[in-house]
Amino acid sequence: MKLGLHISNFTWPDGPAKLAPTLAEIASAADEAGFERISVMDHVWQIGVNGPPELEMLEAYTALGFLAAHTRRAKLLTLVTGVTYRDPGLLAKAVTTLDVLSGGRAILGIGAAWNEEESRGLGLSFPSTKERFERLEEALKICRQMFDGDETPFEGTHYRLSRLLNSPLPLAAPRVPILIGGAGEKKTLLLVAKYADACNLFPGPELQHKLDVLKRHCDTVGRDYDEIQKTVIYRFAIGERGEKVGEVIDDMRRFAAMGFAVTHGGVPEAWDTKKFEIFRDEIIPAAEAL
């Protein structure tokens, strides 16, 4: 089991003036502690689970570029990019740029988008659910094609690209991994089976059921279920002094038994880089042994 640090809240005590050095310190500490990946949300306003929309939020790919410069090993991704926020040609270019400048550490995290309020607020496209999933499937095809260096024109229902030139190509081999976030059984998990290298699910009583649905989709489309990396989003509630470490490790043991390879988690307590010593010395070694 590998761990990912998910940074979803940028409202810190010293305010925006200290946001950059604080973020750099957190990312560097996580990288040195042994987190396998670092992720941010792809939102332009804060989301309700973390607070009101007026709280600080950074644009995702600018933030990931900043993180690339302050880390050496961790993979970098969004959990996850809303397909309607960027046209897929530009998205593939942004992720490729991140991959090249980070030395091959980018992952494309993508989903069908859900936050209508922020989309309407800033004038982003937010079509019907049906159309968003149609666009997601076309975007997956375009990004895979561009990551592979295939310049063949793409003619879809929603996107038409005359030349899929992508220079320089990504450094990641065989291509930049694609992770699809979401647990919808009819559409999302089917797209995972058809196109994705990884999925990201939420923990809960239906978690095993979602995996079973994904396996059935894999059987239907002729995909090896074991090829798909399973990841889960989680809150690393270790306590103020690490008193809940045992509970966190027990949860990861349960995830690992179900076949999950990565736990993406945020730290709900106040940011304190000393907490990364607990991860380095206790949690990450225990997780890697699962």
# chains A, B, ... in the order shown; residues from 1 in each chain; ligands from 1
>>> closest_atom_pairs(of="stretch 106-224 of chain A", to="stretch 70-87 of chain A", cutoff="8 Å", atoms="only C-alpha atoms", output="JSON lines")
{"residue": "A:Ala106", "atom": "CA", "partner": "A:Leu76", "partner_atom": "CA", "distance": 5.0}
{"residue": "A:Ile107", "atom": "CA", "partner": "A:Leu77", "partner_atom": "CA", "distance": 5.0}
{"residue": "A:Leu108", "atom": "CA", "partner": "A:Leu77", "partner_atom": "CA", "distance": 6.0}
{"residue": "A:Gly109", "atom": "CA", "partner": "A:Val80", "partner_atom": "CA", "distance": 4.8}
{"residue": "A:Ile110", "atom": "CA", "partner": "A:Thr81", "partner_atom": "CA", "distance": 4.5}
{"residue": "A:Gly111", "atom": "CA", "partner": "A:Gly82", "partner_atom": "CA", "distance": 5.3}
{"residue": "A:Ala112", "atom": "CA", "partner": "A:Val83", "partner_atom": "CA", "distance": 5.5}
{"residue": "A:Ala113", "atom": "CA", "partner": "A:Gly82", "partner_atom": "CA", "distance": 4.1}
{"residue": "A:Trp114", "atom": "CA", "partner": "A:Gly82", "partner_atom": "CA", "distance": 7.5}
{"residue": "A:Leu124", "atom": "CA", "partner": "A:Tyr85", "partner_atom": "CA", "distance": 6.3}
{"residue": "A:Ser125", "atom": "CA", "partner": "A:Thr84", "partner_atom": "CA", "distance": 5.9}
{"residue": "A:Phe126", "atom": "CA", "partner": "A:Thr84", "partner_atom": "CA", "distance": 6.6}
{"residue": "A:Arg132", "atom": "CA", "partner": "A:Thr84", "partner_atom": "CA", "distance": 7.1}
{"residue": "A:Arg135", "atom": "CA", "partner": "A:Val83", "partner_atom": "CA", "distance": 7.0}
{"residue": "A:Leu136", "atom": "CA", "partner": "A:Val83", "partner_atom": "CA", "distance": 5.8}
{"residue": "A:Ala139", "atom": "CA", "partner": "A:Val83", "partner_atom": "CA", "distance": 7.3}
{"residue": "A:Ile180", "atom": "CA", "partner": "A:Val80", "partner_atom": "CA", "distance": 7.6}
{"residue": "A:Gly181", "atom": "CA", "partner": "A:Val80", "partner_atom": "CA", "distance": 6.2}
>>> write_last_selection(atoms="N, CA, C and O atoms", output="mmCIF file, in the first residue's frame")
data_model
loop_
_atom_site.group_PDB
_atom_site.id
_atom_site.type_symbol
_atom_site.label_atom_id
_atom_site.label_comp_id
_atom_site.auth_asym_id
_atom_site.auth_seq_id
_atom_site.Cartn_x
_atom_site.Cartn_y
_atom_site.Cartn_z
ATOM 1 N N ALA A 106 3.856 12.988 -13.629
ATOM 2 C CA ALA A 106 2.459 13.413 -13.727
ATOM 3 C C ALA A 106 1.513 12.222 -13.865
ATOM 4 O O ALA A 106 1.841 11.196 -14.461
ATOM 5 N N ILE A 107 0.322 12.393 -13.315
ATOM 6 C CA ILE A 107 -0.817 11.498 -13.515
ATOM 7 C C ILE A 107 -1.989 12.375 -13.915
ATOM 8 O O ILE A 107 -2.183 13.456 -13.341
ATOM 9 N N LEU A 108 -2.750 11.958 -14.910
ATOM 10 C CA LEU A 108 -3.976 12.672 -15.264
ATOM 11 C C LEU A 108 -5.124 12.111 -14.439
ATOM 12 O O LEU A 108 -5.529 10.965 -14.622
ATOM 13 N N GLY A 109 -5.640 12.921 -13.524
ATOM 14 C CA GLY A 109 -6.856 12.574 -12.800
ATOM 15 C C GLY A 109 -8.019 13.324 -13.419
ATOM 16 O O GLY A 109 -7.958 14.540 -13.585
ATOM 17 N N ILE A 110 -9.092 12.623 -13.774
ATOM 18 C CA ILE A 110 -10.175 13.257 -14.526
ATOM 19 C C ILE A 110 -11.519 12.634 -14.154
ATOM 20 O O ILE A 110 -11.600 11.470 -13.751
ATOM 21 N N GLY A 111 -12.568 13.443 -14.285
ATOM 22 C CA GLY A 111 -13.915 12.969 -14.025
ATOM 23 C C GLY A 111 -14.918 13.820 -14.794
ATOM 24 O O GLY A 111 -14.554 14.722 -15.553
ATOM 25 N N ALA A 112 -16.185 13.570 -14.577
ATOM 26 C CA ALA A 112 -17.244 14.193 -15.372
ATOM 27 C C ALA A 112 -17.661 15.565 -14.868
ATOM 28 O O ALA A 112 -18.510 16.197 -15.492
ATOM 29 N N ALA A 113 -17.076 16.052 -13.778
ATOM 30 C CA ALA A 113 -17.400 17.356 -13.179
ATOM 31 C C ALA A 113 -18.759 17.302 -12.486
ATOM 32 O O ALA A 113 -19.650 16.576 -12.903
ATOM 33 N N TRP A 114 -18.888 18.103 -11.414
ATOM 34 C CA TRP A 114 -20.143 18.088 -10.661
ATOM 35 C C TRP A 114 -20.546 19.449 -10.091
ATOM 36 O O TRP A 114 -21.711 19.669 -9.780
ATOM 37 N N LEU A 124 -17.818 28.873 -16.643
ATOM 38 C CA LEU A 124 -17.321 27.631 -17.238
ATOM 39 C C LEU A 124 -18.495 26.825 -17.783
ATOM 40 O O LEU A 124 -19.611 26.908 -17.278
ATOM 41 N N SER A 125 -18.213 26.031 -18.775
ATOM 42 C CA SER A 125 -19.266 25.206 -19.369
ATOM 43 C C SER A 125 -19.754 24.168 -18.371
ATOM 44 O O SER A 125 -18.952 23.559 -17.659
ATOM 45 N N PHE A 126 -21.068 23.969 -18.300
ATOM 46 C CA PHE A 126 -21.625 22.922 -17.449
ATOM 47 C C PHE A 126 -22.877 22.366 -18.111
ATOM 48 O O PHE A 126 -24.008 22.681 -17.730
ATOM 49 N N ARG A 132 -21.868 15.679 -20.349
ATOM 50 C CA ARG A 132 -20.575 15.673 -19.651
ATOM 51 C C ARG A 132 -19.904 14.308 -19.748
ATOM 52 O O ARG A 132 -18.685 14.220 -19.921
ATOM 53 N N ARG A 135 -18.548 13.939 -23.236
ATOM 54 C CA ARG A 135 -17.312 14.700 -23.354
ATOM 55 C C ARG A 135 -16.167 13.997 -22.626
ATOM 56 O O ARG A 135 -15.018 14.026 -23.090
ATOM 57 N N LEU A 136 -16.459 13.384 -21.499
ATOM 58 C CA LEU A 136 -15.418 12.672 -20.760
ATOM 59 C C LEU A 136 -14.844 11.534 -21.598
ATOM 60 O O LEU A 136 -13.619 11.366 -21.676
ATOM 61 N N ALA A 139 -12.707 13.027 -24.289
ATOM 62 C CA ALA A 139 -11.478 13.587 -23.722
ATOM 63 C C ALA A 139 -10.479 12.487 -23.381
ATOM 64 O O ALA A 139 -9.265 12.649 -23.580
ATOM 65 N N ILE A 180 -9.439 7.820 -13.283
ATOM 66 C CA ILE A 180 -10.799 8.350 -13.338
ATOM 67 C C ILE A 180 -11.390 8.305 -11.938
ATOM 68 O O ILE A 180 -11.372 7.268 -11.269
ATOM 69 N N GLY A 181 -11.885 9.461 -11.489
ATOM 70 C CA GLY A 181 -12.513 9.530 -10.176
ATOM 71 C C GLY A 181 -14.019 9.408 -10.281
ATOM 72 O O GLY A 181 -14.630 9.936 -11.217
#
>>> residues_around(residues="A:Leu3", least_positions_apart="3", cutoff="12 Å", atoms="only C-alpha atoms", output="ChimeraX atom specification")
/A:6,30-31,33-39,74-75,231-236,248-249,252,255-256,260-266,276,279-280,283-288,290
>>> write_last_selection(atoms="N, CA and C atoms", output="short mmCIF file (atom, residue, chain, number, x, y, z; two decimals), in the first residue's frame")
data_model
loop_
_atom_site.label_atom_id
_atom_site.label_comp_id
_atom_site.auth_asym_id
_atom_site.auth_seq_id
_atom_site.Cartn_x
_atom_site.Cartn_y
_atom_site.Cartn_z
N HIS A 6 -3.32 14.38 -0.05
CA HIS A 6 -4.30 15.18 -0.80
C HIS A 6 -4.46 16.53 -0.11
N ALA A 30 6.26 16.19 2.86
CA ALA A 30 5.56 14.97 2.43
C ALA A 30 6.44 14.14 1.51
N ASP A 31 7.12 14.81 0.60
CA ASP A 31 8.02 14.12 -0.34
C ASP A 31 9.12 13.40 0.41
N ALA A 33 9.10 12.48 3.51
CA ALA A 33 8.56 11.45 4.40
C ALA A 33 8.26 10.15 3.68
N GLY A 34 8.09 10.21 2.35
CA GLY A 34 7.85 9.00 1.58
C GLY A 34 6.47 8.86 0.99
N PHE A 35 5.67 9.94 0.99
CA PHE A 35 4.39 9.87 0.29
C PHE A 35 4.65 9.61 -1.20
N GLU A 36 3.92 8.67 -1.77
CA GLU A 36 4.16 8.26 -3.15
C GLU A 36 3.61 9.27 -4.15
N ARG A 37 2.62 10.08 -3.73
CA ARG A 37 2.01 11.06 -4.62
C ARG A 37 1.43 12.21 -3.81
N ILE A 38 1.26 13.34 -4.48
CA ILE A 38 0.63 14.52 -3.89
C ILE A 38 -0.44 15.00 -4.87
N SER A 39 -1.63 15.26 -4.37
CA SER A 39 -2.73 15.68 -5.23
C SER A 39 -3.38 16.94 -4.70
N ALA A 74 7.67 12.48 -5.48
CA ALA A 74 6.22 12.22 -5.46
C ALA A 74 5.59 12.47 -6.82
N LYS A 75 4.66 11.59 -7.19
CA LYS A 75 3.86 11.81 -8.39
C LYS A 75 2.84 12.91 -8.11
N THR A 231 -7.50 2.99 -6.11
CA THR A 231 -7.12 3.96 -5.09
C THR A 231 -8.38 4.43 -4.37
N VAL A 232 -8.19 4.89 -3.14
CA VAL A 232 -9.32 5.30 -2.32
C VAL A 232 -8.97 6.62 -1.63
N ILE A 233 -9.96 7.52 -1.54
CA ILE A 233 -9.77 8.79 -0.85
C ILE A 233 -10.12 8.59 0.62
N TYR A 234 -9.41 9.26 1.51
CA TYR A 234 -9.50 8.95 2.94
C TYR A 234 -9.00 10.16 3.71
N ARG A 235 -9.41 10.28 4.96
CA ARG A 235 -8.89 11.34 5.84
C ARG A 235 -7.96 10.71 6.87
N PHE A 236 -6.71 11.13 6.85
CA PHE A 236 -5.73 10.60 7.80
C PHE A 236 -5.90 11.30 9.14
N VAL A 248 -5.80 4.33 11.87
CA VAL A 248 -5.52 4.61 10.47
C VAL A 248 -4.89 3.40 9.79
N ILE A 249 -3.95 2.78 10.46
CA ILE A 249 -3.29 1.59 9.89
C ILE A 249 -4.30 0.45 9.72
N MET A 252 -6.23 1.10 6.57
CA MET A 252 -5.44 0.80 5.38
C MET A 252 -5.27 -0.70 5.19
N PHE A 255 -8.37 -1.70 3.45
CA PHE A 255 -8.32 -1.32 2.04
C PHE A 255 -7.42 -2.25 1.24
N ALA A 256 -6.26 -2.56 1.80
CA ALA A 256 -5.31 -3.42 1.09
C ALA A 256 -5.90 -4.81 0.86
N PHE A 260 -6.90 -2.45 -2.84
CA PHE A 260 -6.49 -1.08 -3.08
C PHE A 260 -4.98 -0.95 -2.93
N ALA A 261 -4.38 -0.19 -3.85
CA ALA A 261 -2.94 -0.04 -3.87
C ALA A 261 -2.48 1.30 -3.33
N VAL A 262 -3.38 2.30 -3.33
CA VAL A 262 -3.02 3.65 -2.88
C VAL A 262 -4.17 4.21 -2.04
N THR A 263 -3.80 4.83 -0.92
CA THR A 263 -4.75 5.60 -0.12
C THR A 263 -4.38 7.06 -0.25
N HIS A 264 -5.28 7.85 -0.86
CA HIS A 264 -5.09 9.30 -0.96
C HIS A 264 -5.73 9.92 0.27
N GLY A 265 -4.98 10.70 1.04
CA GLY A 265 -5.58 11.25 2.23
C GLY A 265 -5.12 12.65 2.56
N GLY A 266 -6.04 13.39 3.18
CA GLY A 266 -5.68 14.67 3.76
C GLY A 266 -5.56 14.53 5.26
N PHE A 276 4.49 14.76 9.71
CA PHE A 276 5.06 13.92 8.66
C PHE A 276 6.12 12.96 9.22
N PHE A 279 4.19 9.90 9.94
CA PHE A 279 3.97 9.13 8.72
C PHE A 279 5.25 8.42 8.30
N ARG A 280 6.36 9.13 8.33
CA ARG A 280 7.64 8.55 7.90
C ARG A 280 8.04 7.36 8.78
N ILE A 283 3.48 5.19 9.91
CA ILE A 283 2.36 4.85 9.04
C ILE A 283 2.84 4.33 7.70
N ILE A 284 3.77 5.04 7.04
CA ILE A 284 4.20 4.62 5.72
C ILE A 284 4.90 3.25 5.75
N PRO A 285 5.81 2.99 6.71
CA PRO A 285 6.38 1.62 6.75
C PRO A 285 5.32 0.55 6.98
N ALA A 286 4.33 0.83 7.84
CA ALA A 286 3.27 -0.16 8.07
C ALA A 286 2.45 -0.38 6.79
N ALA A 287 2.15 0.70 6.07
CA ALA A 287 1.37 0.59 4.85
C ALA A 287 2.12 -0.19 3.79
N GLU A 288 3.40 0.09 3.62
CA GLU A 288 4.17 -0.60 2.59
C GLU A 288 4.34 -2.08 2.88
N LEU A 290 1.89 -3.96 3.94
CA LEU A 290 0.60 -4.63 3.76
C LEU A 290 0.56 -5.40 2.43
#
>>> atom_distance(atom1="atom CA of A:Ala196", atom2="atom CA of A:Asp148")
14.4 Å
>>> closest_residue(among="A:Val267, A:Ala20, A:Leu5, A:Leu171", to="A:Gly104", atoms="only C-alpha atoms")
A:Leu171
>>> select_by_dssp(residues="stretch 10-259 of chain A", states="strand (DSSP E or B)", output="PyMOL selection string")
chain A and resi 37-40+75-78+81-82+106+108-111+154-155+160-161+178-181+198-201+229-235
>>> write_last_selection(atoms="N, CA and C atoms", output="mmCIF file, in the first residue's frame")
data_model
loop_
_atom_site.group_PDB
_atom_site.id
_atom_site.type_symbol
_atom_site.label_atom_id
_atom_site.label_comp_id
_atom_site.auth_asym_id
_atom_site.auth_seq_id
_atom_site.Cartn_x
_atom_site.Cartn_y
_atom_site.Cartn_z
ATOM 1 N N ARG A 37 2.615 10.084 -3.730
ATOM 2 C CA ARG A 37 2.011 11.061 -4.619
ATOM 3 C C ARG A 37 1.428 12.211 -3.809
ATOM 4 N N ILE A 38 1.260 13.341 -4.476
ATOM 5 C CA ILE A 38 0.625 14.518 -3.889
ATOM 6 C C ILE A 38 -0.436 14.999 -4.874
ATOM 7 N N SER A 39 -1.631 15.262 -4.366
ATOM 8 C CA SER A 39 -2.729 15.679 -5.232
ATOM 9 C C SER A 39 -3.381 16.941 -4.698
ATOM 10 N N VAL A 40 -4.028 17.664 -5.622
ATOM 11 C CA VAL A 40 -4.863 18.812 -5.268
ATOM 12 C C VAL A 40 -6.207 18.637 -5.957
ATOM 13 N N LYS A 75 4.663 11.589 -7.195
ATOM 14 C CA LYS A 75 3.857 11.807 -8.390
ATOM 15 C C LYS A 75 2.845 12.909 -8.109
ATOM 16 N N LEU A 76 2.393 13.570 -9.171
ATOM 17 C CA LEU A 76 1.572 14.774 -9.021
ATOM 18 C C LEU A 76 0.308 14.661 -9.860
ATOM 19 N N LEU A 77 -0.840 14.997 -9.263
ATOM 20 C CA LEU A 77 -2.111 14.836 -9.976
ATOM 21 C C LEU A 77 -3.208 15.673 -9.346
ATOM 22 N N THR A 78 -4.318 15.781 -10.064
ATOM 23 C CA THR A 78 -5.553 16.320 -9.511
ATOM 24 C C THR A 78 -6.471 15.172 -9.127
ATOM 25 N N THR A 81 -9.723 16.433 -12.199
ATOM 26 C CA THR A 81 -10.079 17.490 -13.133
ATOM 27 C C THR A 81 -11.477 17.272 -13.701
ATOM 28 N N GLY A 82 -12.296 18.302 -13.636
ATOM 29 C CA GLY A 82 -13.602 18.251 -14.295
ATOM 30 C C GLY A 82 -13.423 18.404 -15.793
ATOM 31 N N ALA A 106 3.856 12.988 -13.629
ATOM 32 C CA ALA A 106 2.459 13.413 -13.727
ATOM 33 C C ALA A 106 1.513 12.222 -13.865
ATOM 34 N N LEU A 108 -2.750 11.958 -14.910
ATOM 35 C CA LEU A 108 -3.976 12.672 -15.264
ATOM 36 C C LEU A 108 -5.124 12.111 -14.439
ATOM 37 N N GLY A 109 -5.640 12.921 -13.524
ATOM 38 C CA GLY A 109 -6.856 12.574 -12.800
ATOM 39 C C GLY A 109 -8.019 13.324 -13.419
ATOM 40 N N ILE A 110 -9.092 12.623 -13.774
ATOM 41 C CA ILE A 110 -10.175 13.257 -14.526
ATOM 42 C C ILE A 110 -11.519 12.634 -14.154
ATOM 43 N N GLY A 111 -12.568 13.443 -14.285
ATOM 44 C CA GLY A 111 -13.915 12.969 -14.025
ATOM 45 C C GLY A 111 -14.918 13.820 -14.794
ATOM 46 N N PHE A 154 -8.964 14.114 -34.805
ATOM 47 C CA PHE A 154 -10.015 13.506 -34.001
ATOM 48 C C PHE A 154 -11.337 14.177 -34.347
ATOM 49 N N GLU A 155 -12.318 13.365 -34.708
ATOM 50 C CA GLU A 155 -13.649 13.854 -35.036
ATOM 51 C C GLU A 155 -14.658 13.213 -34.093
ATOM 52 N N ARG A 160 -13.516 18.452 -32.028
ATOM 53 C CA ARG A 160 -12.937 18.184 -33.339
ATOM 54 C C ARG A 160 -11.558 18.824 -33.376
ATOM 55 N N LEU A 161 -10.545 17.997 -33.469
ATOM 56 C CA LEU A 161 -9.162 18.455 -33.451
ATOM 57 C C LEU A 161 -8.508 18.060 -34.765
ATOM 58 N N ILE A 178 -3.645 7.433 -16.469
ATOM 59 C CA ILE A 178 -4.932 8.110 -16.395
ATOM 60 C C ILE A 178 -5.748 7.506 -15.261
ATOM 61 N N LEU A 179 -6.180 8.353 -14.336
ATOM 62 C CA LEU A 179 -7.019 7.955 -13.210
ATOM 63 C C LEU A 179 -8.378 8.608 -13.383
ATOM 64 N N ILE A 180 -9.439 7.820 -13.283
ATOM 65 C CA ILE A 180 -10.799 8.350 -13.338
ATOM 66 C C ILE A 180 -11.390 8.305 -11.938
ATOM 67 N N GLY A 181 -11.885 9.461 -11.489
ATOM 68 C CA GLY A 181 -12.513 9.530 -10.176
ATOM 69 C C GLY A 181 -14.019 9.408 -10.281
ATOM 70 N N ALA A 198 -6.218 3.672 -13.591
ATOM 71 C CA ALA A 198 -6.517 3.671 -12.159
ATOM 72 C C ALA A 198 -7.900 4.259 -11.933
ATOM 73 N N CYS A 199 -8.495 3.914 -10.793
ATOM 74 C CA CYS A 199 -9.749 4.513 -10.365
ATOM 75 C C CYS A 199 -9.562 5.085 -8.970
ATOM 76 N N ASN A 200 -10.449 5.997 -8.594
ATOM 77 C CA ASN A 200 -10.445 6.508 -7.226
ATOM 78 C C ASN A 200 -11.864 6.474 -6.692
ATOM 79 N N LEU A 201 -12.036 5.815 -5.548
ATOM 80 C CA LEU A 201 -13.352 5.614 -4.953
ATOM 81 C C LEU A 201 -13.392 6.202 -3.550
ATOM 82 N N GLN A 229 -5.242 0.033 -11.322
ATOM 83 C CA GLN A 229 -4.845 0.359 -9.959
ATOM 84 C C GLN A 229 -6.053 0.928 -9.214
ATOM 85 N N LYS A 230 -6.326 0.377 -8.050
ATOM 86 C CA LYS A 230 -7.447 0.853 -7.243
ATOM 87 C C LYS A 230 -6.923 1.797 -6.163
ATOM 88 N N THR A 231 -7.499 2.993 -6.110
ATOM 89 C CA THR A 231 -7.122 3.961 -5.091
ATOM 90 C C THR A 231 -8.376 4.428 -4.374
ATOM 91 N N VAL A 232 -8.188 4.887 -3.143
ATOM 92 C CA VAL A 232 -9.324 5.303 -2.316
ATOM 93 C C VAL A 232 -8.974 6.620 -1.631
ATOM 94 N N ILE A 233 -9.956 7.518 -1.545
ATOM 95 C CA ILE A 233 -9.772 8.787 -0.852
ATOM 96 C C ILE A 233 -10.121 8.587 0.622
ATOM 97 N N TYR A 234 -9.408 9.265 1.510
ATOM 98 C CA TYR A 234 -9.499 8.952 2.938
ATOM 99 C C TYR A 234 -9.005 10.160 3.712
ATOM 100 N N ARG A 235 -9.414 10.278 4.964
ATOM 101 C CA ARG A 235 -8.894 11.339 5.839
ATOM 102 C C ARG A 235 -7.962 10.715 6.873
#
>>> atom_distance(atom1="atom CA of A:Leu214", atom2="atom CA of A:Leu90")
29.3 Å
>>> select_by_dssp(residues="stretch 13-80 of chain A", states="helix (DSSP H, G or I)", output="PyMOL selection string")
chain A and resi 16-33+60-69
>>> atom_distance(atom1="atom CA of A:Gly239", atom2="atom CA of A:Thr22")
20.8 Å
>>> residues_around(residues="stretch 190-193 of chain A", least_positions_apart="3", cutoff="6 Å", atoms="only C-alpha atoms", output="ChimeraX atom specification")
/A:187,196,217-218
>>> write_last_selection(atoms="all heavy atoms", output="compact mmCIF listing (two decimals), in the first residue's frame")
# COMPACT_ATOMS: atom_id res chain seq x y z
N LYS A 187 -21.90 4.44 -15.84
CA LYS A 187 -21.06 5.18 -16.77
C LYS A 187 -19.61 5.29 -16.30
O LYS A 187 -18.69 4.92 -17.02
CB LYS A 187 -21.64 6.58 -17.00
CG LYS A 187 -23.00 6.57 -17.69
CD LYS A 187 -23.51 7.98 -17.94
CE LYS A 187 -24.85 7.96 -18.66
NZ LYS A 187 -25.36 9.34 -18.91
N ALA A 196 -9.07 3.59 -18.35
CA ALA A 196 -8.24 4.10 -17.26
C ALA A 196 -7.15 3.13 -16.82
O ALA A 196 -7.28 1.91 -16.95
CB ALA A 196 -9.11 4.46 -16.06
N HIS A 217 -17.69 -4.94 -15.39
CA HIS A 217 -17.44 -4.13 -16.59
C HIS A 217 -16.17 -4.58 -17.30
O HIS A 217 -16.14 -4.64 -18.54
CB HIS A 217 -17.34 -2.65 -16.22
CG HIS A 217 -18.64 -1.98 -15.93
ND1 HIS A 217 -19.74 -2.11 -16.76
CD2 HIS A 217 -19.02 -1.15 -14.92
CE1 HIS A 217 -20.74 -1.40 -16.27
NE2 HIS A 217 -20.34 -0.81 -15.16
N CYS A 218 -15.15 -4.91 -16.54
CA CYS A 218 -13.91 -5.40 -17.14
C CYS A 218 -14.16 -6.69 -17.90
O CYS A 218 -13.65 -6.88 -19.02
CB CYS A 218 -12.85 -5.61 -16.06
SG CYS A 218 -12.16 -4.08 -15.40
>>> decode(residues="stretch 2-8 of chain A", atoms="all heavy atoms", output="PDB file, in the first residue's frame")
ATOM      1  N   LYS A   2       0.575   2.164  -0.934  1.00  0.00           N
ATOM      2  CA  LYS A   2       1.258   3.443  -1.003  1.00  0.00           C
ATOM      3  C   LYS A   2       0.321   4.536  -0.487  1.00  0.00           C
ATOM      4  O   LYS A   2      -0.893   4.402  -0.521  1.00  0.00           O
ATOM      5  CB  LYS A   2       1.669   3.763  -2.435  1.00  0.00           C
ATOM      6  CG  LYS A   2       2.595   2.729  -3.066  1.00  0.00           C
ATOM      7  CD  LYS A   2       3.945   2.700  -2.397  1.00  0.00           C
ATOM      8  CE  LYS A   2       4.883   1.743  -3.114  1.00  0.00           C
ATOM      9  NZ  LYS A   2       6.220   1.679  -2.441  1.00  0.00           N
ATOM     10  N   LEU A   3       0.913   5.634  -0.028  1.00  0.00           N
ATOM     11  CA  LEU A   3       0.130   6.742   0.485  1.00  0.00           C
ATOM     12  C   LEU A   3       0.261   7.960  -0.423  1.00  0.00           C
ATOM     13  O   LEU A   3       1.340   8.236  -0.957  1.00  0.00           O
ATOM     14  CB  LEU A   3       0.591   7.126   1.893  1.00  0.00           C
ATOM     15  CG  LEU A   3      -0.151   6.460   3.051  1.00  0.00           C
ATOM     16  CD1 LEU A   3       0.066   4.950   3.020  1.00  0.00           C
ATOM     17  CD2 LEU A   3       0.317   7.032   4.380  1.00  0.00           C
ATOM     18  N   GLY A   4      -0.854   8.675  -0.564  1.00  0.00           N
ATOM     19  CA  GLY A   4      -0.852   9.944  -1.272  1.00  0.00           C
ATOM     20  C   GLY A   4      -1.354  11.034  -0.355  1.00  0.00           C
ATOM     21  O   GLY A   4      -2.311  10.825   0.397  1.00  0.00           O
ATOM     22  N   LEU A   5      -0.721  12.189  -0.396  1.00  0.00           N
ATOM     23  CA  LEU A   5      -1.186  13.340   0.376  1.00  0.00           C
ATOM     24  C   LEU A   5      -2.104  14.179  -0.507  1.00  0.00           C
ATOM     25  O   LEU A   5      -1.699  14.628  -1.583  1.00  0.00           O
ATOM     26  CB  LEU A   5      -0.006  14.185   0.850  1.00  0.00           C
ATOM     27  CG  LEU A   5      -0.407  15.430   1.652  1.00  0.00           C
ATOM     28  CD1 LEU A   5      -1.027  15.038   2.978  1.00  0.00           C
ATOM     29  CD2 LEU A   5       0.785  16.355   1.867  1.00  0.00           C
ATOM     30  N   HIS A   6      -3.322  14.385  -0.050  1.00  0.00           N
ATOM     31  CA  HIS A   6      -4.296  15.179  -0.799  1.00  0.00           C
ATOM     32  C   HIS A   6      -4.458  16.526  -0.108  1.00  0.00           C
ATOM     33  O   HIS A   6      -4.895  16.589   1.051  1.00  0.00           O
ATOM     34  CB  HIS A   6      -5.635  14.447  -0.873  1.00  0.00           C
ATOM     35  CG  HIS A   6      -6.667  15.150  -1.690  1.00  0.00           C
ATOM     36  ND1 HIS A   6      -6.432  15.562  -2.983  1.00  0.00           N
ATOM     37  CD2 HIS A   6      -7.942  15.533  -1.400  1.00  0.00           C
ATOM     38  CE1 HIS A   6      -7.516  16.146  -3.460  1.00  0.00           C
ATOM     39  NE2 HIS A   6      -8.436  16.140  -2.512  1.00  0.00           N
ATOM     40  N   ILE A   7      -4.093  17.609  -0.795  1.00  0.00           N
ATOM     41  CA  ILE A   7      -4.172  18.954  -0.236  1.00  0.00           C
ATOM     42  C   ILE A   7      -5.403  19.630  -0.812  1.00  0.00           C
ATOM     43  O   ILE A   7      -5.452  19.960  -2.000  1.00  0.00           O
ATOM     44  CB  ILE A   7      -2.907  19.766  -0.557  1.00  0.00           C
ATOM     45  CG1 ILE A   7      -1.655  19.015  -0.079  1.00  0.00           C
ATOM     46  CG2 ILE A   7      -2.975  21.142   0.100  1.00  0.00           C
ATOM     47  CD1 ILE A   7      -0.350  19.665  -0.494  1.00  0.00           C
ATOM     48  N   SER A   8      -6.399  19.834   0.019  1.00  0.00           N
ATOM     49  CA  SER A   8      -7.684  20.357  -0.466  1.00  0.00           C
ATOM     50  C   SER A   8      -8.080  21.667   0.196  1.00  0.00           C
ATOM     51  O   SER A   8      -9.122  22.227  -0.148  1.00  0.00           O
ATOM     52  CB  SER A   8      -8.788  19.313  -0.224  1.00  0.00           C
ATOM     53  OG  SER A   8      -8.896  19.006   1.153  1.00  0.00           O
TER      54      SER A   8
END
